file work28.pdb (PDB, C-alpha atoms)
ATOM      1  CA  MET A   1      14.760  -0.352  17.400  1.00  0.00           C
ATOM      2  CA  THR A   2      12.782   2.133  15.348  1.00  0.00           C
ATOM      3  CA  TRP A   3      15.172   1.918  12.397  1.00  0.00           C
ATOM      4  CA  VAL A   4      15.408  -1.884  12.531  1.00  0.00           C
ATOM      5  CA  LEU A   5      11.619  -1.944  12.218  1.00  0.00           C
ATOM      6  CA  VAL A   6      11.760   0.517   9.291  1.00  0.00           C
ATOM      7  CA  ILE A   7      14.339  -1.641   7.447  1.00  0.00           C
ATOM      8  CA  VAL A   8      12.408  -4.886   8.002  1.00  0.00           C
ATOM      9  CA  MET A   9       9.235  -3.131   6.846  1.00  0.00           C
ATOM     10  CA  VAL A  10      10.788  -1.672   3.671  1.00  0.00           C
ATOM     11  CA  VAL A  11      12.627  -4.825   2.496  1.00  0.00           C
ATOM     12  CA  ALA A  12       9.598  -7.040   3.155  1.00  0.00           C
ATOM     13  CA  THR A  13       7.277  -4.594   1.348  1.00  0.00           C
ATOM     14  CA  VAL A  14       9.497  -4.448  -1.740  1.00  0.00           C
ATOM     15  CA  VAL A  15       9.780  -8.237  -2.073  1.00  0.00           C
ATOM     16  CA  SER A  16       6.070  -8.729  -1.429  1.00  0.00           C
ATOM     17  CA  ASP A  17       4.962  -6.143  -4.003  1.00  0.00           C
ATOM     18  CA  LEU A  18       7.274  -7.444  -6.723  1.00  0.00           C
ATOM     19  CA  LEU A  19       6.016 -11.004  -6.221  1.00  0.00           C
ATOM     20  CA  GLN A  20       2.385  -9.851  -6.258  1.00  0.00           C
ATOM     21  CA  SER A  21       2.739  -7.730  -9.369  1.00  0.00           C
ATOM     22  CA  PHE A  22       4.574 -10.567 -11.146  1.00  0.00           C
ATOM     23  CA  GLU A  23       1.854 -13.098 -10.361  1.00  0.00           C
ATOM     24  CA  MET A  24      -1.112 -10.801 -11.032  1.00  0.00           C
ATOM     25  CA  LYS A  25       0.251  -9.781 -14.433  1.00  0.00           C
ATOM     26  CA  ARG A  26       0.347 -13.495 -15.311  1.00  0.00           C
ATOM     27  CA  ALA A  27      -3.104 -14.134 -13.822  1.00  0.00           C
ATOM     28  CA  GLY A  28      -4.933 -11.673 -16.092  1.00  0.00           C
ATOM     29  CA  GLU A  29      -7.660  -9.171 -15.198  1.00  0.00           C
ATOM     30  CA  GLN A  30      -9.483  -9.728 -11.905  1.00  0.00           C
ATOM     31  CA  SER A  31     -12.629  -8.167 -10.461  1.00  0.00           C
ATOM     32  CA  MET A  32     -13.907  -7.512  -6.921  1.00  0.00           C
ATOM     33  CA  GLY A  33     -17.468  -8.814  -7.330  1.00  0.00           C
ATOM     34  CA  ALA A  34     -18.815 -11.588  -5.092  1.00  0.00           C
ATOM     35  CA  SER A  35     -17.268 -14.269  -7.303  1.00  0.00           C
ATOM     36  CA  GLY A  36     -14.142 -12.193  -7.870  1.00  0.00           C
ATOM     37  CA  VAL A  37     -13.206 -12.230  -4.176  1.00  0.00           C
ATOM     38  CA  GLY A  38     -13.559 -16.020  -3.983  1.00  0.00           C
ATOM     39  CA  ARG A  39     -11.513 -16.379  -7.129  1.00  0.00           C
ATOM     40  CA  LEU A  40      -8.778 -14.162  -5.679  1.00  0.00           C
ATOM     41  CA  LEU A  41      -8.665 -16.193  -2.453  1.00  0.00           C
ATOM     42  CA  ARG A  42      -8.382 -19.473  -4.402  1.00  0.00           C
ATOM     43  CA  MET A  43      -5.678 -17.909  -6.536  1.00  0.00           C
ATOM     44  CA  ILE A  44      -3.628 -16.938  -3.449  1.00  0.00           C
ATOM     45  CA  ALA A  45      -3.877 -20.509  -2.174  1.00  0.00           C
ATOM     46  CA  ALA A  46      -2.848 -21.978  -5.535  1.00  0.00           C
ATOM     47  CA  ARG A  47       0.038 -19.749  -6.564  1.00  0.00           C
ATOM     48  CA  ARG A  48       3.340 -20.219  -4.750  1.00  0.00           C
ATOM     49  CA  TYR A  49       4.685 -16.695  -5.235  1.00  0.00           C
ATOM     50  CA  LEU A  50       1.436 -15.118  -4.043  1.00  0.00           C
ATOM     51  CA  LEU A  51       1.583 -17.233  -0.871  1.00  0.00           C
ATOM     52  CA  LEU A  52       5.208 -16.217  -0.387  1.00  0.00           C
ATOM     53  CA  SER A  53       4.275 -12.575  -0.912  1.00  0.00           C
ATOM     54  CA  ILE A  54       1.714 -12.866   1.910  1.00  0.00           C
ATOM     55  CA  VAL A  55       4.480 -14.147   4.222  1.00  0.00           C
ATOM     56  CA  PHE A  56       6.640 -11.116   3.395  1.00  0.00           C
ATOM     57  CA  LEU A  57       3.612  -8.865   3.755  1.00  0.00           C
ATOM     58  CA  ALA A  58       3.029 -10.289   7.247  1.00  0.00           C
ATOM     59  CA  PHE A  59       6.599  -9.371   8.254  1.00  0.00           C
ATOM     60  CA  SER A  60       6.125  -5.892   6.841  1.00  0.00           C
ATOM     61  CA  PHE A  61       2.760  -5.555   8.579  1.00  0.00           C
ATOM     62  CA  PHE A  62       3.965  -6.621  12.031  1.00  0.00           C
ATOM     63  CA  ALA A  63       6.969  -4.302  11.739  1.00  0.00           C
ATOM     64  CA  PHE A  64       4.566  -1.477  10.845  1.00  0.00           C
ATOM     65  CA  MET A  65       2.290  -2.365  13.767  1.00  0.00           C
ATOM     66  CA  ALA A  66       5.192  -2.255  16.246  1.00  0.00           C
ATOM     67  CA  LEU A  67       6.304   1.006  14.665  1.00  0.00           C
ATOM     68  CA  VAL A  68       2.952   2.808  15.007  1.00  0.00           C
ATOM     69  CA  GLN A  69       2.731   1.810  18.652  1.00  0.00           C
ATOM     70  CA  SER A  70       5.886   3.681  19.625  1.00  0.00           C
ATOM     71  CA  ALA A  71       6.278   6.245  16.833  1.00  0.00           C
ATOM     72  CA  PRO A  72       3.636   8.693  15.557  1.00  0.00           C
ATOM     73  CA  LEU A  73       1.638   7.670  12.475  1.00  0.00           C
ATOM     74  CA  SER A  74       3.007  10.787  10.764  1.00  0.00           C
ATOM     75  CA  PHE A  75       6.503   9.250  10.997  1.00  0.00           C
ATOM     76  CA  ALA A  76       5.635   5.594  10.345  1.00  0.00           C
ATOM     77  CA  VAL A  77       3.667   6.230   7.155  1.00  0.00           C
ATOM     78  CA  PRO A  78       6.252   8.398   5.328  1.00  0.00           C
ATOM     79  CA  ALA A  79       9.033   6.040   6.516  1.00  0.00           C
ATOM     80  CA  SER A  80       7.259   3.246   4.672  1.00  0.00           C
ATOM     81  CA  ALA A  81       7.556   5.352   1.507  1.00  0.00           C
ATOM     82  CA  SER A  82      11.283   4.699   1.269  1.00  0.00           C
ATOM     83  CA  SER A  83      10.283   1.504  -0.541  1.00  0.00           C
ATOM     84  CA  PHE A  84       8.920   3.734  -3.336  1.00  0.00           C
ATOM     85  CA  ILE A  85      12.055   4.363  -5.371  1.00  0.00           C
ATOM     86  CA  LEU A  86      13.394   0.844  -4.829  1.00  0.00           C
ATOM     87  CA  GLU A  87      10.128  -0.690  -6.057  1.00  0.00           C
ATOM     88  CA  THR A  88       9.788   1.579  -9.081  1.00  0.00           C
ATOM     89  CA  VAL A  89      13.350   0.835 -10.233  1.00  0.00           C
ATOM     90  CA  LEU A  90      12.866  -2.907  -9.721  1.00  0.00           C
ATOM     91  CA  ALA A  91       9.495  -2.801 -11.524  1.00  0.00           C
ATOM     92  CA  LYS A  92      11.369  -1.477 -14.538  1.00  0.00           C
ATOM     93  CA  VAL A  93      14.340  -3.882 -14.294  1.00  0.00           C
ATOM     94  CA  LEU A  94      12.606  -7.085 -13.207  1.00  0.00           C
ATOM     95  CA  LEU A  95       8.981  -6.671 -14.334  1.00  0.00           C
ATOM     96  CA  LYS A  96       9.881  -4.836 -17.571  1.00  0.00           C
ATOM     97  CA  GLU A  97       7.383  -2.034 -16.945  1.00  0.00           C
ATOM     98  CA  LYS A  98       7.924   0.992 -19.173  1.00  0.00           C
ATOM     99  CA  ILE A  99       8.539   4.047 -17.024  1.00  0.00           C
ATOM    100  CA  GLY A 100       8.507   7.138 -19.217  1.00  0.00           C
ATOM    101  CA  ALA A 101       9.622  10.637 -18.255  1.00  0.00           C
ATOM    102  CA  ARG A 102       6.098  11.591 -17.174  1.00  0.00           C
ATOM    103  CA  ARG A 103       5.619   8.643 -14.813  1.00  0.00           C
ATOM    104  CA  ALA A 104       9.157   9.085 -13.415  1.00  0.00           C
ATOM    105  CA  ALA A 105       8.532  12.804 -12.786  1.00  0.00           C
ATOM    106  CA  GLY A 106       5.176  12.108 -11.143  1.00  0.00           C
ATOM    107  CA  THR A 107       6.679   9.406  -8.936  1.00  0.00           C
ATOM    108  CA  LEU A 108       9.476  11.752  -7.809  1.00  0.00           C
ATOM    109  CA  LEU A 109       6.937  14.494  -6.996  1.00  0.00           C
ATOM    110  CA  VAL A 110       4.906  12.039  -4.927  1.00  0.00           C
ATOM    111  CA  LEU A 111       8.064  10.873  -3.126  1.00  0.00           C
ATOM    112  CA  CYS A 112       9.054  14.467  -2.259  1.00  0.00           C
ATOM    113  CA  GLY A 113       5.530  15.061  -0.959  1.00  0.00           C
ATOM    114  CA  VAL A 114       5.498  11.936   1.224  1.00  0.00           C
ATOM    115  CA  VAL A 115       8.936  12.754   2.698  1.00  0.00           C
ATOM    116  CA  LEU A 116       7.843  16.334   3.387  1.00  0.00           C
ATOM    117  CA  LEU A 117       4.663  15.063   5.025  1.00  0.00           C
ATOM    118  CA  GLY A 118       6.718  13.221   7.626  1.00  0.00           C
ATOM    119  CA  LYS A 119       8.893  16.167   8.657  1.00  0.00           C
TER     120      LYS A 119
ATOM    121  CA  MET B   1      -6.251   7.507 -22.925  1.00  0.00           C
ATOM    122  CA  PRO B   2      -9.923   6.796 -23.692  1.00  0.00           C
ATOM    123  CA  LEU B   3     -12.078   6.194 -20.622  1.00  0.00           C
ATOM    124  CA  SER B   4     -12.561   2.479 -21.234  1.00  0.00           C
ATOM    125  CA  ASN B   5     -14.372   0.039 -19.004  1.00  0.00           C
ATOM    126  CA  LYS B   6     -10.991  -1.098 -17.711  1.00  0.00           C
ATOM    127  CA  THR B   7      -9.921   2.439 -16.775  1.00  0.00           C
ATOM    128  CA  THR B   8     -13.183   2.968 -14.876  1.00  0.00           C
ATOM    129  CA  ARG B   9     -12.705  -0.300 -13.003  1.00  0.00           C
ATOM    130  CA  THR B  10      -9.124   0.620 -12.136  1.00  0.00           C
ATOM    131  CA  TYR B  11     -10.204   3.937 -10.596  1.00  0.00           C
ATOM    132  CA  LEU B  12     -13.130   2.377  -8.715  1.00  0.00           C
ATOM    133  CA  LEU B  13     -10.788  -0.207  -7.200  1.00  0.00           C
ATOM    134  CA  LEU B  14      -8.316   2.572  -6.403  1.00  0.00           C
ATOM    135  CA  VAL B  15     -10.938   4.534  -4.414  1.00  0.00           C
ATOM    136  CA  LEU B  16     -12.079   1.375  -2.611  1.00  0.00           C
ATOM    137  CA  PHE B  17      -8.478   0.487  -1.742  1.00  0.00           C
ATOM    138  CA  LEU B  18      -7.685   3.991  -0.441  1.00  0.00           C
ATOM    139  CA  ALA B  19     -10.761   4.060   1.800  1.00  0.00           C
ATOM    140  CA  LEU B  20     -10.156   0.577   3.230  1.00  0.00           C
ATOM    141  CA  ARG B  21      -6.480   1.210   3.931  1.00  0.00           C
ATOM    142  CA  ALA B  22      -6.915   4.673   5.454  1.00  0.00           C
ATOM    143  CA  PHE B  23      -9.638   3.633   7.903  1.00  0.00           C
ATOM    144  CA  GLY B  24      -7.977   0.252   8.525  1.00  0.00           C
ATOM    145  CA  ASN B  25      -4.686   1.904   9.510  1.00  0.00           C
ATOM    146  CA  LEU B  26      -6.477   4.452  11.678  1.00  0.00           C
ATOM    147  CA  SER B  27      -8.336   1.714  13.550  1.00  0.00           C
ATOM    148  CA  LEU B  28      -5.088  -0.246  13.944  1.00  0.00           C
ATOM    149  CA  ALA B  29      -3.125   2.749  15.230  1.00  0.00           C
ATOM    150  CA  TRP B  30      -5.884   3.573  17.707  1.00  0.00           C
ATOM    151  CA  GLY B  31      -6.020  -0.046  18.862  1.00  0.00           C
ATOM    152  CA  THR B  32      -2.267  -0.449  19.387  1.00  0.00           C
ATOM    153  CA  LYS B  33      -2.119   2.759  21.396  1.00  0.00           C
ATOM    154  CA  HIS B  34      -4.968   1.581  23.651  1.00  0.00           C
ATOM    155  CA  MET B  35      -3.818  -1.988  24.345  1.00  0.00           C
ATOM    156  CA  PRO B  36      -2.019  -2.846  27.615  1.00  0.00           C
ATOM    157  CA  GLU B  37       0.992  -4.729  26.162  1.00  0.00           C
ATOM    158  CA  ILE B  38       4.058  -3.584  24.222  1.00  0.00           C
ATOM    159  CA  LEU B  39       4.494  -5.073  20.747  1.00  0.00           C
ATOM    160  CA  ALA B  40       7.979  -6.472  20.160  1.00  0.00           C
ATOM    161  CA  ALA B  41       9.351  -9.825  18.992  1.00  0.00           C
ATOM    162  CA  ASP B  42       6.959 -12.055  20.990  1.00  0.00           C
ATOM    163  CA  PRO B  43       4.417 -13.524  18.506  1.00  0.00           C
ATOM    164  CA  LEU B  44       1.952 -14.349  21.285  1.00  0.00           C
ATOM    165  CA  VAL B  45       1.512 -10.662  22.070  1.00  0.00           C
ATOM    166  CA  TYR B  46       0.517 -10.052  18.433  1.00  0.00           C
ATOM    167  CA  ILE B  47      -1.988 -12.911  18.509  1.00  0.00           C
ATOM    168  CA  ARG B  48      -3.518 -11.659  21.788  1.00  0.00           C
ATOM    169  CA  SER B  49      -3.664  -8.126  20.388  1.00  0.00           C
ATOM    170  CA  MET B  50      -6.074  -9.367  17.674  1.00  0.00           C
ATOM    171  CA  LEU B  51      -8.736  -9.625  20.401  1.00  0.00           C
ATOM    172  CA  HIS B  52      -8.768  -5.844  20.778  1.00  0.00           C
ATOM    173  CA  PRO B  53     -11.765  -4.549  18.760  1.00  0.00           C
ATOM    174  CA  GLY B  54      -9.860  -1.633  17.208  1.00  0.00           C
ATOM    175  CA  ILE B  55      -7.101  -3.959  16.036  1.00  0.00           C
ATOM    176  CA  ALA B  56      -9.533  -6.664  14.842  1.00  0.00           C
ATOM    177  CA  VAL B  57     -11.555  -4.209  12.725  1.00  0.00           C
ATOM    178  CA  GLY B  58      -8.352  -2.648  11.390  1.00  0.00           C
ATOM    179  CA  VAL B  59      -6.905  -6.027  10.416  1.00  0.00           C
ATOM    180  CA  ALA B  60     -10.164  -7.079   8.680  1.00  0.00           C
ATOM    181  CA  MET B  61     -10.203  -3.867   6.621  1.00  0.00           C
ATOM    182  CA  LEU B  62      -6.525  -4.243   5.731  1.00  0.00           C
ATOM    183  CA  ILE B  63      -7.018  -7.866   4.591  1.00  0.00           C
ATOM    184  CA  LEU B  64      -9.854  -6.731   2.318  1.00  0.00           C
ATOM    185  CA  SER B  65      -7.671  -3.890   1.032  1.00  0.00           C
ATOM    186  CA  LEU B  66      -4.983  -6.465   0.152  1.00  0.00           C
ATOM    187  CA  LEU B  67      -7.464  -8.360  -2.049  1.00  0.00           C
ATOM    188  CA  VAL B  68      -8.543  -5.126  -3.752  1.00  0.00           C
ATOM    189  CA  ARG B  69      -4.881  -4.286  -4.376  1.00  0.00           C
ATOM    190  CA  LEU B  70      -4.246  -7.713  -5.938  1.00  0.00           C
ATOM    191  CA  ALA B  71      -7.155  -7.071  -8.311  1.00  0.00           C
ATOM    192  CA  LEU B  72      -5.623  -3.646  -9.045  1.00  0.00           C
ATOM    193  CA  LEU B  73      -2.252  -5.244  -9.816  1.00  0.00           C
ATOM    194  CA  SER B  74      -3.962  -7.514 -12.347  1.00  0.00           C
ATOM    195  CA  LEU B  75      -5.195  -4.400 -14.181  1.00  0.00           C
ATOM    196  CA  ALA B  76      -2.257  -2.011 -13.931  1.00  0.00           C
ATOM    197  CA  ASP B  77       1.543  -1.709 -13.525  1.00  0.00           C
ATOM    198  CA  LEU B  78       3.150  -1.724 -10.078  1.00  0.00           C
ATOM    199  CA  SER B  79       4.900   1.521 -11.059  1.00  0.00           C
ATOM    200  CA  PHE B  80       1.459   3.021 -11.875  1.00  0.00           C
ATOM    201  CA  ILE B  81      -0.281   1.862  -8.698  1.00  0.00           C
ATOM    202  CA  LEU B  82       2.489   2.929  -6.290  1.00  0.00           C
ATOM    203  CA  PRO B  83       2.287   6.699  -6.909  1.00  0.00           C
ATOM    204  CA  MET B  84      -1.512   6.610  -7.359  1.00  0.00           C
ATOM    205  CA  THR B  85      -2.044   4.921  -4.003  1.00  0.00           C
ATOM    206  CA  ALA B  86       0.243   7.487  -2.364  1.00  0.00           C
ATOM    207  CA  ILE B  87      -2.877   9.655  -2.044  1.00  0.00           C
ATOM    208  CA  GLY B  88      -3.472   7.318   0.889  1.00  0.00           C
ATOM    209  CA  TYR B  89      -0.568   8.966   2.748  1.00  0.00           C
ATOM    210  CA  VAL B  90      -2.453  12.256   2.573  1.00  0.00           C
ATOM    211  CA  LEU B  91      -5.612  10.575   3.870  1.00  0.00           C
ATOM    212  CA  ALA B  92      -3.643   8.930   6.697  1.00  0.00           C
ATOM    213  CA  ALA B  93      -2.084  12.238   7.730  1.00  0.00           C
ATOM    214  CA  LEU B  94      -5.456  14.021   7.628  1.00  0.00           C
ATOM    215  CA  LEU B  95      -7.268  11.297   9.598  1.00  0.00           C
ATOM    216  CA  GLY B  96      -4.407  11.093  12.120  1.00  0.00           C
ATOM    217  CA  ARG B  97      -4.526  14.855  12.512  1.00  0.00           C
ATOM    218  CA  VAL B  98      -8.273  14.896  13.178  1.00  0.00           C
ATOM    219  CA  PHE B  99      -7.755  12.495  16.070  1.00  0.00           C
ATOM    220  CA  LEU B 100      -4.543  14.028  17.412  1.00  0.00           C
ATOM    221  CA  HIS B 101      -5.737  17.634  16.939  1.00  0.00           C
ATOM    222  CA  GLU B 102      -2.527  18.721  15.224  1.00  0.00           C
ATOM    223  CA  ASP B 103      -2.112  21.985  13.350  1.00  0.00           C
ATOM    224  CA  VAL B 104      -1.948  21.916   9.546  1.00  0.00           C
ATOM    225  CA  SER B 105       1.327  23.672   8.753  1.00  0.00           C
ATOM    226  CA  PRO B 106       1.987  25.320   5.353  1.00  0.00           C
ATOM    227  CA  GLN B 107       4.686  22.677   4.817  1.00  0.00           C
ATOM    228  CA  ARG B 108       2.085  19.920   5.127  1.00  0.00           C
ATOM    229  CA  TRP B 109      -0.182  21.592   2.606  1.00  0.00           C
ATOM    230  CA  LEU B 110       2.816  21.777   0.243  1.00  0.00           C
ATOM    231  CA  ALA B 111       3.377  18.035   0.778  1.00  0.00           C
ATOM    232  CA  VAL B 112      -0.279  17.344  -0.020  1.00  0.00           C
ATOM    233  CA  ALA B 113      -0.024  19.447  -3.196  1.00  0.00           C
ATOM    234  CA  LEU B 114       3.138  17.594  -4.308  1.00  0.00           C
ATOM    235  CA  ILE B 115       1.532  14.185  -3.809  1.00  0.00           C
ATOM    236  CA  PHE B 116      -1.629  15.164  -5.701  1.00  0.00           C
ATOM    237  CA  GLY B 117       0.400  16.805  -8.465  1.00  0.00           C
ATOM    238  CA  GLY B 118       2.562  13.705  -8.831  1.00  0.00           C
ATOM    239  CA  ALA B 119      -0.466  11.405  -8.868  1.00  0.00           C
ATOM    240  CA  VAL B 120      -2.131  13.544 -11.554  1.00  0.00           C
ATOM    241  CA  LEU B 121       1.039  13.323 -13.696  1.00  0.00           C
ATOM    242  CA  VAL B 122       1.191   9.545 -13.311  1.00  0.00           C
ATOM    243  CA  SER B 123      -2.548   9.185 -14.019  1.00  0.00           C
ATOM    244  CA  GLY B 124      -1.862  10.521 -17.516  1.00  0.00           C
ATOM    245  CA  THR B 125       0.444   7.584 -18.331  1.00  0.00           C
ATOM    246  CA  PRO B 126      -0.789   4.231 -19.705  1.00  0.00           C
ATOM    247  CA  GLN B 127      -1.775   2.112 -16.726  1.00  0.00           C
ATOM    248  CA  ALA B 128      -0.383  -1.165 -18.090  1.00  0.00           C
ATOM    249  CA  THR B 129       2.775  -1.246 -20.215  1.00  0.00           C
ATOM    250  CA  THR B 130       3.953  -4.852 -20.086  1.00  0.00           C
ATOM    251  CA  GLY B 131       1.585  -6.152 -22.774  1.00  0.00           C
ATOM    252  CA  LYS B 132       0.613  -9.247 -20.806  1.00  0.00           C
ATOM    253  CA  VAL B 133      -2.110  -7.309 -19.002  1.00  0.00           C
ATOM    254  CA  GLU B 134      -3.606  -5.398 -21.928  1.00  0.00           C
ATOM    255  CA  GLY B 135      -3.682  -8.494 -24.144  1.00  0.00           C
ATOM    256  CA  SER B 136      -7.206  -9.017 -25.485  1.00  0.00           C
ATOM    257  CA  LYS B 137      -8.631  -5.517 -25.191  1.00  0.00           C
TER     258      LYS B 137
END
call {"tool": "encode", "arguments": {"input": "work28.pdb", "output": "C-alpha cells"}}
result
Amino acid sequence: MTWVLVIVMVVATVVSDLLQSFEMKRAGEQSMGASGVGRLLRMIAARRYLLLSIVFLAFSFFAFMALVQSAPLSFAVPASASSFILETVLAKVLLKEKIGARRAAGTLLVLCGVVLLGK
Amino acid sequence: MPLSNKTTRTYLLLVLFLALRAFGNLSLAWGTKHMPEILAADPLVYIRSMLHPGIAVGVAMLILSLLVRLALLSLADLSFILPMTAIGYVLAALLGRVFLHEDVSPQRWLAVALIFGGAVLVSGTPQATTGKVEGSK
C-alpha cells in the first residue's frame, strides 16, 4: 500500500506542476498582495489547465496524507522527491526551460541530499 | 544577476512558501496521527478528518502555500523553483525531529549540506529562461 501511495503521489505531482508552470508562464507576473490573492483565485477558476492541476494536486495531497499517517514524515517527504528528476527533465522538454550545467548540478546535489535525508 | 525588484519578490515569496508549507505539513502530520480513523480509499473519512483542528489548520496553510507557489511560478522557471523549494525538506525534517525527539546523525547533516549547496548553485542561475516571463523587464 505504501508504494501505491508513493506512485499516485509522484505521478499526480508531476502532472500538476507541469500544468501550473505552463499556465503561470502564460499568465505573466503575479503578486501576493490583497488584490493579488483575489486575482489568483479568479485565475484558477477561469483557466482550464489550472483547474485540472488542482484536481491532480488533490490526488497527490490525499495520497501524501494517507502516507504520513502510516509512514514517518522522514520517509514520506523524501519519497515525494522522486518527482524531482522527472519534473526537471519534462520542464526542459515540454516547457522549453533552459537547464544549464550549473542548474543541473545543483538539482542533482539537492536530489542526493533529499534521498540521504530519508535514509 | 542584478538584485532587481523581481528577484527580491521571488525570494520573499520563496520564504513565505517555505514557512507555510513546513508548518502546514507539521500540523497535518500531527493531526492525522491523532485522529481516530484510518485514512484509506473512503472519501468520507477524508472529509470528516477536516474537522480535526490540526488537520484544518494544516490544510488552510497548505492552500495558502499553493497560491504563493502559483505566484512564484509566474515569476520563475519550474526547474528553478523545484530545487530552491527543496530547502523545505530540511525544514520538515528539522521540525519533525523536534517533535519526535530524534537524534541528528552525521548523515543527516550531510544531507542538509547537500541540499543547501545545491540550492545555492541553482540560485546563481537565471530564474526565468523561457522568455515569456521576463518579457517587459
call {"tool": "resolve_selection", "arguments": {"input": "work28.pdb", "expression": "the PyMOL selection byres ((chain A and resi 86) around 12)", "output": "ChimeraX atom specification"}}
result
/A:10-15,17-18,80-85,87-94,107-108,111 /B:78-79,82
call {"tool": "write_last_selection", "arguments": {"input": "work28.pdb", "atoms": "C-alpha atoms", "output": "PDB file, in the coordinates of the input"}}
result
ATOM      1  CA  VAL A  10      10.788  -1.672   3.671  1.00  0.00           C
ATOM      2  CA  VAL A  11      12.627  -4.825   2.496  1.00  0.00           C
ATOM      3  CA  ALA A  12       9.598  -7.040   3.155  1.00  0.00           C
ATOM      4  CA  THR A  13       7.277  -4.594   1.348  1.00  0.00           C
ATOM      5  CA  VAL A  14       9.497  -4.448  -1.740  1.00  0.00           C
ATOM      6  CA  VAL A  15       9.780  -8.237  -2.073  1.00  0.00           C
ATOM      7  CA  ASP A  17       4.962  -6.143  -4.003  1.00  0.00           C
ATOM      8  CA  LEU A  18       7.274  -7.444  -6.723  1.00  0.00           C
ATOM      9  CA  SER A  80       7.259   3.246   4.672  1.00  0.00           C
ATOM     10  CA  ALA A  81       7.556   5.352   1.507  1.00  0.00           C
ATOM     11  CA  SER A  82      11.283   4.699   1.269  1.00  0.00           C
ATOM     12  CA  SER A  83      10.283   1.504  -0.541  1.00  0.00           C
ATOM     13  CA  PHE A  84       8.920   3.734  -3.336  1.00  0.00           C
ATOM     14  CA  ILE A  85      12.055   4.363  -5.371  1.00  0.00           C
ATOM     15  CA  GLU A  87      10.128  -0.690  -6.057  1.00  0.00           C
ATOM     16  CA  THR A  88       9.788   1.579  -9.081  1.00  0.00           C
ATOM     17  CA  VAL A  89      13.350   0.835 -10.233  1.00  0.00           C
ATOM     18  CA  LEU A  90      12.866  -2.907  -9.721  1.00  0.00           C
ATOM     19  CA  ALA A  91       9.495  -2.801 -11.524  1.00  0.00           C
ATOM     20  CA  LYS A  92      11.369  -1.477 -14.538  1.00  0.00           C
ATOM     21  CA  VAL A  93      14.340  -3.882 -14.294  1.00  0.00           C
ATOM     22  CA  LEU A  94      12.606  -7.085 -13.207  1.00  0.00           C
ATOM     23  CA  THR A 107       6.679   9.406  -8.936  1.00  0.00           C
ATOM     24  CA  LEU A 108       9.476  11.752  -7.809  1.00  0.00           C
ATOM     25  CA  LEU A 111       8.064  10.873  -3.126  1.00  0.00           C
TER      26      LEU A 111
ATOM     27  CA  LEU B  78       3.150  -1.724 -10.078  1.00  0.00           C
ATOM     28  CA  SER B  79       4.900   1.521 -11.059  1.00  0.00           C
ATOM     29  CA  LEU B  82       2.489   2.929  -6.290  1.00  0.00           C
TER      30      LEU B  82
END
call {"tool": "axis_aligned_box", "arguments": {"input": "work28.pdb", "around": "segment 117-123 of chain B", "padding_each_side": "3 Å", "output": "lines of an AutoDock Vina configuration file"}}
result
center_x = 0.0
center_y = 13.0
center_z = -11.2
size_x = 11.1
size_y = 13.6
size_z = 11.6
call {"tool": "atom_distance", "arguments": {"input": "work28.pdb", "atom1": "atom CA of Ile87 of chain B", "atom2": "atom CA of Ala128 of chain B"}}
result
19.5 Å
call {"tool": "interface_residues", "arguments": {"input": "work28.pdb", "of": "chain B", "to": "chain A", "cutoff": "8 Å", "atoms": "all atoms listed in the file", "output": "PyMOL selection string"}}
result
chain B and resi 13+28-29+32-33+38-40+67-68+70-75+77-80+82-83+86+89+92-93+96+107-108+110-122+125+128-130+132-133
call {"tool": "atom_distance", "arguments": {"input": "work28.pdb", "atom1": "atom CA of Ser123 of chain B", "atom2": "atom CA of Met84 of chain B"}}
result
7.2 Å
call {"tool": "atom_distance", "arguments": {"input": "work28.pdb", "atom1": "atom CA of Val98 of chain B", "atom2": "atom CA of Pro36 of chain B"}}
result
23.7 Å
call {"tool": "resolve_selection", "arguments": {"input": "work28.pdb", "expression": "the PyMOL selection byres ((chain B and resi 52) around 10)", "output": "PyMOL selection string"}}
result
chain B and resi 28+31-32+34-35+48-51+53-58
